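> Quick one, my_file_34.txt (compact mmCIF, C-alpha atoms (C1' of nucleotides)):
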# COMPACT_ATOMS: atom_id res chain seq x y z
CA MET I 218 5.87 29.38 -23.25
CA SER I 219 7.45 28.36 -20.00
CA ILE I 220 5.97 24.86 -19.67
CA THR I 221 4.65 22.19 -21.95
CA PRO I 222 1.90 19.70 -21.09
CA LYS I 223 3.91 16.86 -22.48
CA GLY I 224 6.96 18.02 -20.60
CA GLU I 225 4.97 18.15 -17.39
CA ALA I 226 3.78 14.60 -18.04
CA ARG I 227 7.32 13.43 -18.46
CA ARG I 228 8.29 15.15 -15.27
CA GLN I 229 5.57 13.31 -13.42
CA ALA I 230 6.58 10.04 -15.04
CA LEU I 231 10.06 10.56 -13.67
CA LEU I 232 8.75 11.20 -10.17
CA ASP I 233 6.66 8.05 -10.35
CA ALA I 234 9.66 6.11 -11.54
CA VAL I 235 11.67 7.29 -8.55
CA LEU I 236 9.12 5.73 -6.22
CA ARG I 237 9.22 2.40 -8.01
CA VAL I 238 13.00 2.32 -8.01
CA LEU I 239 13.03 3.31 -4.36
CA GLU I 240 10.57 0.61 -3.38
CA LYS I 241 12.54 -2.04 -5.20
CA GLY I 242 16.10 -1.08 -4.40
CA GLY I 243 16.20 1.47 -1.63
CA PRO I 244 17.67 4.96 -1.61
CA SER I 245 21.03 3.97 -3.00
CA ALA I 246 19.35 2.53 -6.09
CA VAL I 247 17.95 5.90 -7.06
CA THR I 248 20.32 7.03 -9.79
CA HIS I 249 19.67 9.17 -12.85
CA ARG I 250 20.08 6.17 -15.08
CA ALA I 251 17.91 3.80 -13.09
CA VAL I 252 15.09 6.31 -12.84
CA ALA I 253 15.27 7.25 -16.50
CA ALA I 254 15.21 3.60 -17.52
CA GLU I 255 12.27 2.88 -15.22
CA ALA I 256 10.38 5.86 -16.66
CA GLY I 257 11.26 4.88 -20.20
CA VAL I 258 12.93 8.18 -21.01
CA PRO I 259 16.49 8.97 -22.04
CA LEU I 260 19.06 9.72 -19.38
CA ALA I 261 19.18 13.42 -20.21
CA ALA I 262 15.52 13.82 -19.29
CA ALA I 263 16.30 13.05 -15.69
CA THR I 264 18.84 15.82 -15.56
CA TYR I 265 16.83 18.27 -17.62
CA TYR I 266 13.82 18.53 -15.31
CA PHE I 267 15.66 18.56 -12.01
CA ASP I 268 18.63 20.49 -10.77
CA ASP I 269 20.46 17.43 -9.55
CA LEU I 270 19.88 13.97 -8.17
CA ASP I 271 18.95 15.25 -4.76
CA ASP I 272 16.33 17.53 -6.25
CA LEU I 273 14.88 14.60 -8.16
CA LEU I 274 14.73 12.41 -5.08
CA VAL I 275 13.35 15.01 -2.72
CA SER I 276 10.75 16.14 -5.25
CA ALA I 277 9.54 12.58 -5.57
CA LEU I 278 9.39 12.07 -1.81
CA ARG I 279 7.51 15.30 -1.27
CA ARG I 280 5.02 14.44 -3.98
CA ALA I 281 4.47 11.00 -2.52
CA THR I 282 3.81 12.52 0.88
CA GLU I 283 1.23 14.90 -0.57
CA GLN I 284 -0.51 12.06 -2.34
CA GLN I 285 -0.64 9.99 0.81
CA LEU I 286 -2.10 12.91 2.73
CA ASP I 287 -5.06 12.85 0.37
CA LEU I 288 -5.87 9.32 1.46
CA PHE I 289 -6.59 10.50 4.98
CA ALA I 290 -8.01 13.90 4.26
CA PRO I 291 -11.65 12.85 3.61
CA LEU I 292 -11.93 10.90 6.84
CA ALA I 293 -13.75 13.47 8.95
CA GLY I 294 -16.43 11.79 11.03
CA ALA I 295 -15.70 8.44 9.46
CA ARG I 296 -16.38 5.09 11.06
CA LEU I 297 -13.64 2.76 12.15
CA GLY I 298 -14.09 0.61 9.05
CA ASP I 299 -13.38 3.57 6.79
CA PHE I 300 -10.22 4.27 8.68
CA ALA I 301 -9.17 0.65 8.34
CA ARG I 302 -9.79 0.82 4.61
CA ALA I 303 -7.71 3.98 4.35
CA LEU I 304 -4.85 2.23 6.11
CA LEU I 305 -5.01 -0.70 3.73
CA ASP I 306 -5.08 1.68 0.81
CA TYR I 307 -2.10 3.44 2.28
CA THR I 308 0.05 0.37 2.85
CA HIS I 309 -1.01 -1.89 0.01
CA THR I 310 -2.41 0.02 -2.97
CA HIS I 311 0.03 2.85 -2.46
CA ARG I 312 2.87 0.93 -0.92
CA ALA I 313 5.58 2.66 -2.93
CA GLU I 314 4.35 6.07 -1.83
CA ALA I 315 4.17 4.92 1.76
CA ILE I 316 7.72 3.64 1.72
CA ALA I 317 8.83 6.86 0.08
CA GLN I 318 7.17 8.79 2.83
CA TYR I 319 9.04 6.94 5.53
CA GLU I 320 12.27 7.35 3.63
CA LEU I 321 11.57 11.06 3.71
CA LEU I 322 11.07 10.80 7.45
CA PHE I 323 14.49 9.25 7.82
CA MET I 324 16.05 11.88 5.62
CA ALA I 325 14.38 14.47 7.82
CA MET I 326 16.41 13.09 10.73
CA ARG I 327 19.50 14.56 9.12
CA ARG I 328 18.16 17.43 7.09
CA ASP I 329 16.16 20.20 8.66
CA SER I 330 14.64 21.34 5.37
CA LEU I 331 12.55 18.18 5.34
CA LYS I 332 11.22 18.45 8.87
CA GLY I 333 8.23 20.44 7.66
CA ASP I 334 7.12 17.66 5.37
CA ALA I 335 7.38 15.17 8.18
CA GLU I 336 5.30 17.42 10.41
CA LEU I 337 2.72 17.63 7.67
CA TRP I 338 2.32 13.90 7.58
CA TYR I 339 2.06 13.46 11.32
CA GLY I 340 -0.37 16.33 11.52
CA ALA I 341 -2.57 14.60 8.97
CA LEU I 342 -2.31 11.35 10.88
CA ASP I 343 -3.41 13.10 14.06
CA ASP I 344 -6.31 14.70 12.25
CA ALA I 345 -7.38 11.36 10.83
CA VAL I 346 -7.26 9.72 14.24
CA ARG I 347 -9.28 12.58 15.68
CA ALA I 348 -11.80 12.29 12.89
CA ALA I 349 -12.16 8.55 13.26
CA THR I 350 -12.43 8.47 17.03
CA GLY I 351 -14.65 11.49 17.43
CA ASP I 352 -14.49 13.07 20.87
CA ARG I 353 -14.19 9.80 22.70
CA LEU I 354 -10.55 10.39 23.45
CA ASP I 355 -8.85 13.23 25.25
CA GLU I 356 -5.80 14.81 23.64
CA ALA I 357 -3.26 12.87 25.67
CA ARG I 358 -4.78 9.52 24.91
CA ARG I 359 -5.19 10.42 21.24
CA ARG I 360 -1.48 11.07 21.09
CA GLY I 361 -0.87 7.48 22.15
CA VAL I 362 -3.31 6.23 19.55
CA SER I 363 -1.53 8.16 16.80
CA TRP I 364 1.77 6.57 17.74
CA ALA I 365 0.13 3.18 17.68
CA VAL I 366 -1.31 3.74 14.23
CA ASP I 367 2.12 4.80 13.06
CA GLY I 368 3.56 1.60 14.45
CA LEU I 369 0.76 -0.39 12.87
CA ILE I 370 1.52 1.16 9.50
CA LEU I 371 5.16 0.23 9.83
CA HIS I 372 4.13 -3.26 10.73
CA MET I 373 1.81 -3.51 7.74
CA LEU I 374 4.54 -2.26 5.46
CA TRP I 375 7.23 -4.73 6.39
CA ARG I 376 5.10 -7.71 7.31
CA GLY I 377 2.17 -7.28 4.97
CA GLU I 378 -0.20 -7.97 7.85
CA PRO I 379 -2.95 -7.38 8.67
CA SER I 380 -4.06 -7.50 5.06
CA ASN I 381 -7.83 -7.22 5.04
CA VAL I 382 -10.32 -4.71 6.38
CA GLU I 383 -11.63 -6.90 9.18
CA ALA I 384 -8.15 -7.67 10.49
CA VAL I 385 -7.12 -4.02 10.36
CA GLU I 386 -10.30 -3.08 12.21
CA GLY I 387 -9.38 -5.65 14.82
CA ALA I 388 -5.95 -4.12 15.11
CA LEU I 389 -7.46 -0.69 15.57
CA ARG I 390 -9.68 -1.99 18.35
CA ASP I 391 -6.65 -3.46 20.05
CA ILE I 392 -5.13 -0.03 19.86
CA LEU I 393 -8.16 1.82 21.15
CA GLY I 394 -8.54 -0.57 24.01
CA PRO I 395 -11.51 -2.21 25.71
CA GLN I 396 -13.12 1.01 26.85
CA SER I 397 -14.05 1.95 23.30
CA PRO I 398 -17.16 0.51 21.62
CA ARG I 399 -16.77 -1.66 18.54
CA ASP I 400 -17.78 1.30 16.40
CA PRO I 401 -18.57 4.86 17.45
CA ARG I 402 -21.73 4.91 15.33
CA ASP I 403 -22.69 1.33 16.04
CA PRO I 404 -22.77 0.82 19.80
CA THR I 405 -23.77 -2.84 19.65
CA MET G 140 46.03 -18.89 13.69
CA SER G 141 42.73 -17.96 12.16
CA ILE G 142 42.04 -14.71 14.00
CA THR G 143 43.96 -11.97 15.70
CA PRO G 144 42.77 -9.88 18.66
CA LYS G 145 43.94 -6.70 17.01
CA GLY G 146 42.29 -7.72 13.78
CA GLU G 147 39.04 -8.34 15.58
CA ALA G 148 39.28 -4.91 17.16
CA ARG G 149 39.75 -3.35 13.77
CA ARG G 150 36.76 -5.24 12.47
CA GLN G 151 34.63 -3.90 15.27
CA ALA G 152 35.94 -0.39 14.66
CA LEU G 153 34.78 -0.67 11.09
CA LEU G 154 31.32 -1.80 12.13
CA ASP G 155 31.06 1.11 14.54
CA ALA G 156 32.17 3.47 11.81
CA VAL G 157 29.42 2.21 9.54
CA LEU G 158 26.84 3.26 12.11
CA ARG G 159 28.26 6.74 12.45
CA VAL G 160 28.42 7.22 8.69
CA LEU G 161 24.90 5.88 8.36
CA GLU G 162 23.54 8.20 11.02
CA LYS G 163 25.15 11.21 9.42
CA GLY G 164 24.60 10.55 5.74
CA GLY G 165 22.13 7.76 5.23
CA PRO G 166 22.57 4.44 3.45
CA SER G 167 23.98 5.92 0.27
CA ALA G 168 26.81 7.49 2.24
CA VAL G 169 28.07 4.10 3.35
CA THR G 170 31.03 3.51 1.05
CA HIS G 171 34.23 1.62 1.66
CA ARG G 172 36.16 4.84 1.67
CA ALA G 173 33.84 6.78 3.93
CA VAL G 174 33.73 3.97 6.48
CA ALA G 175 37.47 3.42 6.40
CA ALA G 176 38.11 7.12 6.88
CA GLU G 177 35.63 7.30 9.74
CA ALA G 178 37.28 4.30 11.39
CA GLY G 179 40.74 5.71 10.79
CA VAL G 180 41.96 2.70 8.87
CA PRO G 181 43.22 2.38 5.30
CA LEU G 182 40.76 1.63 2.53
CA ALA G 183 41.96 -1.91 2.09
CA ALA G 184 40.96 -2.80 5.64
CA ALA G 185 37.30 -2.30 4.74
CA THR G 186 37.58 -4.79 1.94
CA TYR G 187 39.79 -7.23 3.81
CA TYR G 188 37.41 -8.02 6.64
CA PHE G 189 34.20 -8.16 4.64
CA ASP G 190 33.29 -9.89 1.43
CA ASP G 191 31.84 -6.80 -0.15
CA LEU G 192 30.10 -3.57 0.70
CA ASP G 193 26.79 -5.26 1.31
CA ASP G 194 28.39 -7.65 3.77
CA LEU G 195 29.92 -4.72 5.60
CA LEU G 196 26.63 -2.86 5.80
CA VAL G 197 24.49 -5.83 6.79
CA SER G 198 27.02 -6.98 9.39
CA ALA G 199 26.91 -3.54 10.97
CA LEU G 200 23.12 -3.42 10.97
CA ARG G 201 22.85 -6.88 12.48
CA ARG G 202 25.34 -6.02 15.18
CA ALA G 203 23.51 -2.81 15.99
CA THR G 204 20.27 -4.74 16.32
CA GLU G 205 21.84 -7.21 18.71
CA GLN G 206 23.24 -4.41 20.82
CA GLN G 207 19.88 -2.70 20.99
CA LEU G 208 18.22 -5.93 22.05
CA ASP G 209 20.42 -5.94 25.12
CA LEU G 210 18.92 -2.64 26.23
CA PHE G 211 15.52 -4.23 26.62
CA ALA G 212 16.55 -7.68 27.74
CA PRO G 213 16.92 -6.98 31.47
CA LEU G 214 13.48 -5.39 31.76
CA ALA G 215 11.57 -8.32 33.19
CA GLY G 216 9.23 -7.13 35.89
CA ALA G 217 10.50 -3.61 35.61
CA ARG G 218 8.55 -0.53 36.56
CA LEU G 219 7.30 1.97 34.01
CA GLY G 220 10.13 4.35 34.83
CA ASP G 221 12.71 1.73 33.96
CA PHE G 222 11.04 1.17 30.65
CA ALA G 223 11.05 4.90 29.98
CA ARG G 224 14.74 5.03 30.79
CA ALA G 225 15.41 2.16 28.41
CA LEU G 226 13.60 4.03 25.65
CA LEU G 227 15.66 7.15 26.24
CA ASP G 228 18.80 5.08 26.23
CA TYR G 229 17.66 3.50 23.00
CA THR G 230 16.86 6.71 21.14
CA HIS G 231 19.40 9.11 22.60
CA THR G 232 22.49 7.38 23.95
CA HIS G 233 22.39 4.77 21.21
CA ARG G 234 20.78 6.82 18.48
CA ALA G 235 23.08 5.59 15.73
CA GLU G 236 22.29 1.98 16.57
CA ALA G 237 18.58 2.74 16.66
CA ILE G 238 18.66 4.39 13.26
CA ALA G 239 20.65 1.48 11.93
CA GLN G 240 18.07 -0.90 13.24
CA TYR G 241 15.28 0.88 11.42
CA GLU G 242 17.33 1.00 8.26
CA LEU G 243 17.61 -2.75 8.61
CA LEU G 244 13.85 -2.92 8.94
CA PHE G 245 13.46 -1.07 5.66
CA MET G 246 16.00 -3.27 3.98
CA ALA G 247 14.02 -6.24 5.26
CA MET G 248 11.08 -4.98 3.22
CA ARG G 249 12.94 -5.94 0.09
CA ARG G 250 15.21 -8.71 1.26
CA ASP G 251 13.86 -11.83 2.89
CA SER G 252 17.18 -12.78 4.43
CA LEU G 253 16.79 -9.85 6.83
CA LYS G 254 13.26 -10.62 7.93
CA GLY G 255 14.51 -12.79 10.76
CA ASP G 256 16.47 -9.92 12.28
CA ALA G 257 13.44 -7.70 12.12
CA GLU G 258 11.35 -10.38 13.85
CA LEU G 259 14.00 -10.58 16.51
CA TRP G 260 13.67 -6.92 17.30
CA TYR G 261 9.91 -6.89 17.40
CA GLY G 262 9.90 -10.01 19.52
CA ALA G 263 12.17 -8.27 22.00
CA LEU G 264 9.94 -5.20 21.98
CA ASP G 265 6.92 -7.37 22.71
CA ASP G 266 8.76 -9.09 25.54
CA ALA G 267 9.77 -5.76 26.99
CA VAL G 268 6.23 -4.48 26.88
CA ARG G 269 5.00 -7.65 28.50
CA ALA G 270 7.63 -7.37 31.19
CA ALA G 271 6.86 -3.73 31.89
CA THR G 272 3.09 -4.06 31.99
CA GLY G 273 2.89 -7.33 33.84
CA ASP G 274 -0.35 -9.22 33.40
CA ARG G 275 -2.51 -6.12 33.32
CA LEU G 276 -3.02 -6.39 29.58
CA ASP G 277 -4.44 -9.20 27.52
CA GLU G 278 -2.54 -10.30 24.42
CA ALA G 279 -4.65 -8.30 21.96
CA ARG G 280 -4.29 -5.06 23.87
CA ARG G 281 -0.59 -5.65 24.36
CA ARG G 282 -0.22 -5.87 20.63
CA GLY G 283 -1.61 -2.36 20.32
CA VAL G 284 0.74 -1.13 23.01
CA SER G 285 3.75 -2.58 21.20
CA TRP G 286 2.80 -0.75 18.03
CA ALA G 287 2.42 2.44 20.00
CA VAL G 288 5.86 2.07 21.57
CA ASP G 289 7.27 1.52 18.10
CA GLY G 290 5.60 4.71 16.91
CA LEU G 291 6.85 6.53 19.99
CA ILE G 292 10.40 5.41 19.26
CA LEU G 293 10.14 6.68 15.71
CA HIS G 294 8.83 9.96 17.03
CA MET G 295 11.66 10.24 19.53
CA LEU G 296 14.18 9.52 16.81
CA TRP G 297 13.13 12.17 14.36
CA ARG G 298 11.82 14.80 16.73
CA GLY G 299 14.04 14.28 19.69
CA GLU G 300 11.00 14.42 21.96
CA PRO G 301 10.13 13.45 24.59
CA SER G 302 13.65 13.83 25.90
CA ASN G 303 13.55 13.18 29.63
CA VAL G 304 12.38 10.29 31.78
CA GLU G 305 9.30 12.04 33.14
CA ALA G 306 8.06 13.02 29.70
CA VAL G 307 8.63 9.54 28.32
CA GLU G 308 6.76 8.09 31.27
CA GLY G 309 3.92 10.46 30.48
CA ALA G 310 3.95 9.28 26.90
CA LEU G 311 3.80 5.68 28.05
CA ARG G 312 0.80 6.46 30.22
CA ASP G 313 -0.92 8.07 27.26
CA ILE G 314 -0.29 4.84 25.42
CA LEU G 315 -1.51 2.57 28.20
CA GLY G 316 -4.63 4.61 28.68
CA PRO G 317 -6.62 5.76 31.70
CA GLN G 318 -7.45 2.26 32.91
CA SER G 319 -3.87 1.63 33.92
CA PRO G 320 -2.48 2.88 37.24
CA ARG G 321 0.39 5.33 37.27
CA ASP G 322 2.72 2.51 38.05
CA PRO G 323 2.03 -1.21 38.42
CA ARG G 324 4.03 -1.39 41.64
CA ASP G 325 2.96 1.96 42.94
CA PRO G 326 -0.86 2.10 43.00
CA THR G 327 -1.05 5.59 44.45
C1' DT Z 124 64.51 -19.95 15.77
C1' DC Z 125 62.19 -20.72 11.19
C1' DC Z 126 58.12 -21.28 8.65
C1' DT Z 127 53.38 -20.46 7.62
C1' DT Z 128 49.47 -17.70 7.92
C1' DT Z 129 47.41 -13.44 8.60
C1' DT Z 130 47.38 -8.66 8.20
C1' DT Z 131 48.72 -4.34 6.33
C1' DG Z 132 48.46 -0.47 3.32
C1' DG Z 133 49.49 1.49 -0.85
C1' DT Z 134 48.19 1.37 -5.67
C1' DA Z 135 45.70 0.44 -9.75
C1' DC Z 136 41.94 -0.80 -12.60
C1' DA Z 137 37.22 -1.23 -14.20
C1' DA Z 138 32.50 -0.07 -13.44
C1' DT Z 139 29.18 3.07 -12.18
C1' DA Z 140 27.26 7.45 -11.82
C1' DG Z 141 26.66 12.70 -11.91
C1' DT Z 142 26.67 16.15 -14.91
C1' DA Z 143 27.80 19.06 -18.97
C1' DC Z 144 27.23 19.77 -23.76
C1' DC Z 145 25.13 20.35 -28.15
C1' DA Z 146 22.88 19.93 -32.44
C1' DA Z 147 18.41 18.67 -33.95
C1' DA Z 148 13.54 18.60 -33.27
C1' DA Z 149 9.26 20.18 -31.46
C1' DA Z 150 6.28 23.63 -29.63
C1' DG Z 151 4.19 27.91 -29.08
C1' DG Z 152 3.59 32.92 -29.82
C1' DA Z 153 3.54 37.08 -32.91
C1' DT H 163 4.32 31.98 -41.59
C1' DC H 164 8.77 33.03 -38.98
C1' DC H 165 11.10 33.45 -34.78
C1' DT H 166 12.05 32.31 -30.13
C1' DT H 167 11.96 29.17 -26.50
C1' DT H 168 11.67 24.70 -24.84
C1' DT H 169 12.57 20.00 -25.26
C1' DT H 170 14.92 16.03 -26.90
C1' DG H 171 18.30 12.48 -26.88
C1' DG H 172 22.69 11.07 -27.84
C1' DT H 173 27.43 11.57 -26.30
C1' DA H 174 31.29 12.57 -23.59
C1' DC H 175 33.78 13.91 -19.64
C1' DT H 176 34.91 13.61 -14.86
C1' DA H 177 34.38 12.05 -10.15
C1' DT H 178 33.38 8.46 -7.25
C1' DT H 179 33.40 3.90 -5.96
C1' DG H 180 33.91 -1.25 -5.67
C1' DT H 181 37.27 -4.35 -5.90
C1' DA H 182 41.58 -6.73 -7.17
C1' DC H 183 46.44 -7.01 -6.44
C1' DC H 184 50.78 -7.36 -4.22
C1' DA H 185 54.90 -6.77 -1.72
C1' DA H 186 56.09 -5.90 2.94
C1' DA H 187 55.25 -6.43 7.73
C1' DA H 188 53.42 -8.64 11.71
C1' DA H 189 51.85 -12.53 14.20
C1' DG H 190 51.63 -16.93 15.83
C1' DG H 191 52.93 -22.05 15.93
C1' DA H 192 56.39 -25.90 15.70
Represent the structure from my file as structure tokens, please.


Amino acid sequence: MSITPKGEARRQALLDAVLRVLEKGGPSAVTHRAVAAEAGVPLAAATYYFDDLDDLLVSALRRATEQQLDLFAPLAGARLGDFARALLDYTHTHRAEAIAQYELLFMAMRRDSLKGDAELWYGALDDAVRAATGDRLDEARRRGVSWAVDGLILHMLWRGEPSNVEAVEGALRDILGPQSPRDPRDPT
Amino acid sequence: MSITPKGEARRQALLDAVLRVLEKGGPSAVTHRAVAAEAGVPLAAATYYFDDLDDLLVSALRRATEQQLDLFAPLAGARLGDFARALLDYTHTHRAEAIAQYELLFMAMRRDSLKGDAELWYGALDDAVRAATGDRLDEARRRGVSWAVDGLILHMLWRGEPSNVEAVEGALRDILGPQSPRDPRDPT
DNA sequence: TCCTTTTTGGTACAATAGTACCAAAAAGGA
DNA sequence: TCCTTTTTGGTACTATTGTACCAAAAAGGA
């Protein structure tokens, strides 16, 4: 029968629990017992669905990255406000996933097998920036904007600011600089 | 007698060892035993000089942050090339300290007592950007540039690129945008 | 010099954590 | 239905780790 719906649900519950534990206590807090407790399942469940602790952690980080990618995927041709909203969604509504994603980035610094996942995320960020700025920026300049958005995300994660759409839009304008109109579709 | 020169040296050796262990294995690898082994001192030394493991870790992260601040301190009025060199120094020569500093940033996300250290770093980054760009940028725009430099640093840390002064200078120009001259002091 | 304080380093203990194990239960498929 | 496979959850074992302890050594100060 190979896989059970209920079993799959439990597996997902464990992955979710990893993110919550990670957000609250950092990487070193991610233990079989802590995750199982957070997910409300017995200890053995955490060892049954994953080869070992590393597998559990990495699986959770990869899943979080995929989920975050979806937030930016539908941004093609979007206005600046939509991009700002996506950023807020990324750093506030899905804060645990965002933190997980950056933890994965740091793990990628010392483990080549994770580099691909990191590339995936930065590729998506580039695409989103491209989509939101249209063809107003050349490739070189867009590279700088992507770095700035990355820095902005980091800032939003640890400071909690900016915390509303207008403020994030303002931040994005500061990044794009004075030569860009207030909104690509609204050249007021 | 309160403190011994040799004892102080050993204390510093332990803090250095923390950074190396952290760079290699991440936060969860930082154990009394691993640090003591890396520093070449007996286990008990790691418990003698610090209250507990958390004290050891946080002390090391704080020290790394202070050291990194020094890299950007003497940048007042510097040219873009000097800033690029400082970034390379930061991410390559002092990679372990840089990683430690970002680990501290992530710890600050869940511990208020570390927020001040994080502010310190970002304040220094802002100052450095201000010093390197002179008065060519207004405050809002400078904010965007600081975020971009932060993102660039992250990129340099996990990708290792750009890895030479010219390339970093190019990256900085991509960040500053087309409206800025190649160099503030060299308006070729 | 003698005395006090600090440092050393080896050892031991208790807590935590990773993982194996297994008998019972549940879930499909034939 | 019966049989096989998967899942469950409790338990136990072992490794790792944080931390306490202590006697000996070293390091100043009087």

> Got a sec to pull out which chain H residues are within 10 Å of chain I, counting only C-alpha atoms (C1' of nucleotides), and send them as number ranges by chain?

H: 166-172

> Identify, on the basis of only C-alpha atoms (C1' of nucleotides), every residue whose closest approach to region 134-150 of chain Z does not exceed 9 Å; exclude the query and any residue fewer than 2 positions from it along the same chain; express the result as a PyMOL selection string.

(chain I and resi 218+221+248-250+264+269-270) or (chain H and resi 167-170+173-183)

> Please, what distance in Å, to one decimal, runs between CA of Gly216 (chain G) and CA of Ala271 (chain G)?

5.8 Å

> Check every residue of chain G for an atom within 8 Å of chain I, counting all atoms listed in the file, and provide those that qualify as a PDB file with C-alpha atoms, in the coordinates of the input.


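The new file result_35.pdb reads:
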ATOM      1  CA  GLU G 162      23.540   8.200  11.020  1.00  0.00           C
ATOM      2  CA  LYS G 163      25.150  11.210   9.420  1.00  0.00           C
ATOM      3  CA  GLY G 164      24.600  10.550   5.740  1.00  0.00           C
ATOM      4  CA  GLY G 165      22.130   7.760   5.230  1.00  0.00           C
ATOM      5  CA  PRO G 166      22.570   4.440   3.450  1.00  0.00           C
ATOM      6  CA  SER G 167      23.980   5.920   0.270  1.00  0.00           C
ATOM      7  CA  LEU G 244      13.850  -2.920   8.940  1.00  0.00           C
ATOM      8  CA  PHE G 245      13.460  -1.070   5.660  1.00  0.00           C
ATOM      9  CA  MET G 246      16.000  -3.270   3.980  1.00  0.00           C
ATOM     10  CA  ALA G 247      14.020  -6.240   5.260  1.00  0.00           C
ATOM     11  CA  MET G 248      11.080  -4.980   3.220  1.00  0.00           C
ATOM     12  CA  ARG G 249      12.940  -5.940   0.090  1.00  0.00           C
ATOM     13  CA  ALA G 279      -4.650  -8.300  21.960  1.00  0.00           C
ATOM     14  CA  ARG G 280      -4.290  -5.060  23.870  1.00  0.00           C
ATOM     15  CA  ARG G 281      -0.590  -5.650  24.360  1.00  0.00           C
ATOM     16  CA  ARG G 282      -0.220  -5.870  20.630  1.00  0.00           C
ATOM     17  CA  GLY G 283      -1.610  -2.360  20.320  1.00  0.00           C
ATOM     18  CA  VAL G 284       0.740  -1.130  23.010  1.00  0.00           C
ATOM     19  CA  SER G 285       3.750  -2.580  21.200  1.00  0.00           C
ATOM     20  CA  TRP G 286       2.800  -0.750  18.030  1.00  0.00           C
ATOM     21  CA  ALA G 287       2.420   2.440  20.000  1.00  0.00           C
ATOM     22  CA  VAL G 288       5.860   2.070  21.570  1.00  0.00           C
ATOM     23  CA  ASP G 289       7.270   1.520  18.100  1.00  0.00           C
ATOM     24  CA  GLY G 290       5.600   4.710  16.910  1.00  0.00           C
ATOM     25  CA  LEU G 291       6.850   6.530  19.990  1.00  0.00           C
ATOM     26  CA  HIS G 294       8.830   9.960  17.030  1.00  0.00           C
ATOM     27  CA  LEU G 296      14.180   9.520  16.810  1.00  0.00           C
ATOM     28  CA  TRP G 297      13.130  12.170  14.360  1.00  0.00           C
ATOM     29  CA  ARG G 298      11.820  14.800  16.730  1.00  0.00           C
ATOM     30  CA  ALA G 310       3.950   9.280  26.900  1.00  0.00           C
ATOM     31  CA  LEU G 311       3.800   5.680  28.050  1.00  0.00           C
ATOM     32  CA  ASP G 313      -0.920   8.070  27.260  1.00  0.00           C
ATOM     33  CA  ILE G 314      -0.290   4.840  25.420  1.00  0.00           C
ATOM     34  CA  LEU G 315      -1.510   2.570  28.200  1.00  0.00           C
ATOM     35  CA  GLY G 316      -4.630   4.610  28.680  1.00  0.00           C
ATOM     36  CA  PRO G 317      -6.620   5.760  31.700  1.00  0.00           C
TER      37      PRO G 317
END

> What separation in Å, quoted to one decimal, exists between CA of Asp334 (chain I) and CA of Glu283 (chain I)?

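Taking CA of Asp334 (chain I) as the start and CA of Glu283 (chain I) as the end point, the length is 8.8 Å.
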
> The centre and edge lengths of an axis-aligned box containing all atoms of region 264-283 of chain G present in the file, extended by 5 Å on each side, are to be given in Å to one decimal, as JSON.


{"center_x": 2.6, "center_y": -6.3, "center_z": 27.1, "size_x": 24.6, "size_y": 17.9, "size_z": 23.5}

> Show me, as a PyMOL selection string, the residues of chain Z whose atoms get within 10 Å of chain G, using all atoms listed in the file for the distance check.

chain Z and resi 127-133

> What is the distance, in Å and to one decimal place, between CA of Gly298 (chain I) and CA of Val382 (chain I)?

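Interatomic distance, CA of Gly298 (chain I) to CA of Val382 (chain I): 7.0 Å.
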
> Within 10 Å of DC126 (chain Z), counting all atoms listed in the file, which residues show up once you throw out same-chain ones fewer than 2 positions away? Write them as a count of residues only, please.

4

> Which neighbours of Ala199 (chain G) fall inside 8 Å, counting only C-alpha atoms (C1' of nucleotides), when residues of the same chain fewer than 4 positions from it are skipped, and could you give them as an mmCIF file with C-alpha atoms, in the frame of the given file?


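Output saved as part-v9.cif:
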data_model
loop_
_atom_site.group_PDB
_atom_site.id
_atom_site.type_symbol
_atom_site.label_atom_id
_atom_site.label_comp_id
_atom_site.auth_asym_id
_atom_site.auth_seq_id
_atom_site.Cartn_x
_atom_site.Cartn_y
_atom_site.Cartn_z
ATOM 1 C CA LEU G 154 31.320 -1.800 12.130
ATOM 2 C CA ASP G 155 31.060 1.110 14.540
ATOM 3 C CA VAL G 157 29.420 2.210 9.540
ATOM 4 C CA LEU G 158 26.840 3.260 12.110
ATOM 5 C CA LEU G 195 29.920 -4.720 5.600
ATOM 6 C CA ALA G 203 23.510 -2.810 15.990
#

> Counting only C-alpha atoms, which residue out of G:Asp193, G:Leu259, G:Ala270, G:Glu177 sits closest to Leu214 (chain G)?

G:Ala270

> Skipping near chain neighbours, those fewer than 2 positions away, what residues fall within 12 Å of Arg224 (chain G) using all atoms listed in the file, listed as a PyMOL selection string?

chain G and resi 210-211+214+217-222+226-232+271+301-308+311
